[in-house]
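Contents: one structure, followed by commentary.
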Amino acid sequence: GLTHDGLFYISICHPEERSDEGSRVHIVDVFEILRFALNDKHVFFIIFAPLNRKETVDMIVCIAEKPSVAKDIARVLGANSSRDGYMEGNGYQVTWTFGHLCTLKEPHDYTPSWKAWSLSSLPMIPPRFGIKLIEHDQGIEKQFKTIEKLMQNADEIVNCGDAGQEGELIQRWVMQKAGAKCPVKRLWISSLTEEAIREGFKNLKDQKEYQSMY
């Protein structure tokens with residue numbers, strides 16, 4: 001543009017900012033403008049840096065009970081990029097379990113003396129019942145590591161387990177084992193049509209409302 005005294009100026013915005021017409025400003029276009037403008041001695045630059053710009057985007061992790069369900073949900077949410085153990089896109093990471101990933105600990109997991117059964121060991125009641133990954137399954141171990149990493153970096157989790165007590169238990173155990181600390185919402189649907197999934201995400205509830213099922 002031109003100022004009132006004939007000087008030429010260029011306004012450059014952040015590459016991710018949009019113009020009034022909604023089109024992206026590309027780095028290549030900016031460099032072409034600069035190359036042309038530098039031939040004019042009456043050029044000066046005003047660079048505006050946005051204040052308090054948010055550098056990170058909140059990430060919502062959704063966890064379903066099986067890969068096929070996760071992919072249906074991911075398609076509706078726009079998480080179309082396939083990763084190792086999850087789908088990603090549009091601010092969502094959609095992952096899955098293979099049914100049960102965790103189970104209750106066995107007696108010998110609490111104390112070795114309970115491995116061999118004897119009348120003198122009864123009653124076998126631990127101070128607190130614990131959970132563990134299902135053992136001797138490399139696929140489960142690999143998928144849990146993916147889930148654990150996603151959940152520990154999530155800003156919010158959506159429990160997309162099956163609508164029922166078992167579905168609630170499966171995902172709660174996984175979240176507990178993964179050390180999830182962020183807020184958790186519950187998707188409660190009985191159909192996987194696009195309409196049902198969209199409606200379910202519009203009506204997410206706090207997981208605490210389902211505490212009686214755990």
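Residue numbering restarts at 1 for every chain of the structure tokens, chains are lettered A, B, ... in their displayed order, and ligands are numbered from 1 as they appear.
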
**Message:** Please return, as a PyMOL selection string, all residues of region 54-196 of chain A that DSSP assigns to strand (DSSP E or B) on the basis of the backbone.
**Reply:** chain A and resi 60-64+81-83+86-89+92-96+102-104+131-133+156-160+184-186

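Minimum distance to Leu104 (chain A) across A:Cys62, A:Leu192, A:Leu169, A:Ala70 (counting only C-alpha atoms) occurs at A:Leu169.
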
For Ser81 (chain A), list every protein, DNA or RNA residue within 12 Å, evaluated using only C-alpha atoms, and leave out those in the same chain fewer than 2 positions away; present the list as a PDB file with C-alpha atoms, in the first residue's frame.
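Contents of the output file around.pdb:
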ATOM      1  CA  LYS A  71     -12.853 -45.597  13.031  1.00  0.00           C
ATOM      2  CA  ALA A  74     -13.043 -40.765  13.885  1.00  0.00           C
ATOM      3  CA  ARG A  75     -14.711 -40.412  10.471  1.00  0.00           C
ATOM      4  CA  LEU A  77     -15.173 -36.171  13.983  1.00  0.00           C
ATOM      5  CA  GLY A  78     -12.862 -35.504  11.055  1.00  0.00           C
ATOM      6  CA  ALA A  79      -9.920 -37.404  12.545  1.00  0.00           C
ATOM      7  CA  ARG A  83      -1.395 -43.147  13.159  1.00  0.00           C
ATOM      8  CA  ASP A  84       0.076 -46.157  14.931  1.00  0.00           C
ATOM      9  CA  GLY A  85      -2.764 -47.181  17.255  1.00  0.00           C
ATOM     10  CA  TYR A  86      -5.027 -44.169  16.760  1.00  0.00           C
ATOM     11  CA  MET A  87      -6.622 -41.730  14.306  1.00  0.00           C
ATOM     12  CA  GLU A  88      -5.927 -37.996  14.458  1.00  0.00           C
ATOM     13  CA  GLY A  89      -7.342 -34.755  13.112  1.00  0.00           C
ATOM     14  CA  ASN A  90      -9.550 -31.744  13.786  1.00  0.00           C
ATOM     15  CA  GLY A  91      -8.394 -31.517  17.413  1.00  0.00           C
ATOM     16  CA  TYR A  92      -9.143 -35.184  18.186  1.00  0.00           C
ATOM     17  CA  GLN A  93      -7.112 -38.332  18.722  1.00  0.00           C
ATOM     18  CA  VAL A  94      -9.314 -41.423  18.544  1.00  0.00           C
ATOM     19  CA  THR A  95      -7.854 -44.627  19.935  1.00  0.00           C
TER      20      THR A  95
END

**Complete:** Using only C-alpha atoms, the best pick from A:Val174, A:Val76, A:Ile189, A:Val184 as closest to Gln143 (chain A) would be A:Val174

Residues of region 154-205 of chain A that have any atom at most 9 Å from an atom of region 119-142 of chain A: could you tabulate them with the shortest-distance atom pair and the distance in Å to one decimal, using only C-alpha atoms, ordered by chain and increasing number, as CSV?
residue,atom,partner,partner_atom,distance
A:Trp173,CA,A:Ile131,CA,7.2
A:Val174,CA,A:Leu133,CA,8.6
A:Gln176,CA,A:Ile131,CA,8.7
A:Lys177,CA,A:Ile131,CA,7.3

**Asked** Counting only C-alpha atoms, what is within 6 Å of region 148-160 of chain A, bar same-chain residues fewer than 3 positions away, as a ChimeraX atom specification?
**Response** /A:58-64,144-145,178,180,182-187

Limited to C-alpha atoms, could you put the picked residues into a file as a tab-separated table (two decimals), in the first residue's frame?
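Once written, selection.tsv looks like this:
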chain	number	residue	atom	x	y	z
A	58	ASP	CA	-6.45	-28.39	23.05
A	59	MET	CA	-6.38	-32.09	22.23
A	60	ILE	CA	-9.33	-34.34	22.98
A	61	VAL	CA	-8.61	-38.07	23.24
A	62	CYS	CA	-11.50	-40.41	22.51
A	63	ILE	CA	-11.21	-44.08	23.47
A	64	ALA	CA	-13.51	-46.74	22.00
A	144	PHE	CA	-1.69	-49.66	25.97
A	145	LYS	CA	1.57	-47.72	25.63
A	178	ALA	CA	-2.78	-45.03	32.21
A	180	ALA	CA	-5.25	-40.09	33.23
A	182	CYS	CA	-7.60	-34.54	32.78
A	183	PRO	CA	-11.40	-34.12	32.76
A	184	VAL	CA	-13.38	-37.04	31.31
A	185	LYS	CA	-16.67	-36.88	29.41
A	186	ARG	CA	-18.90	-39.85	28.56
A	187	LEU	CA	-20.32	-40.66	25.13

**Request:** Enumerate, as a PyMOL selection string, the complete set of residues in region 102-150 of chain A that a backbone-based DSSP assignment places in alpha helix (DSSP H).
**Result:** chain A and resi 107-110+138-150

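Relative to CA of Met175 (chain A), CA of Glu106 (chain A) is found at 19.9 Å.
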
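In this structure, CA of Ser82 (chain A) sits 15.9 Å away from CA of Thr97 (chain A).
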
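Residues lying within 12 Å of Ser212 (chain A), counting only C-alpha atoms and ignoring same-chain neighbours fewer than 2 positions away, are A:Gly164, A:Gln165, A:Glu168, A:Leu169, A:Gln207, A:Lys208, A:Glu209, A:Tyr210, A:Tyr214.
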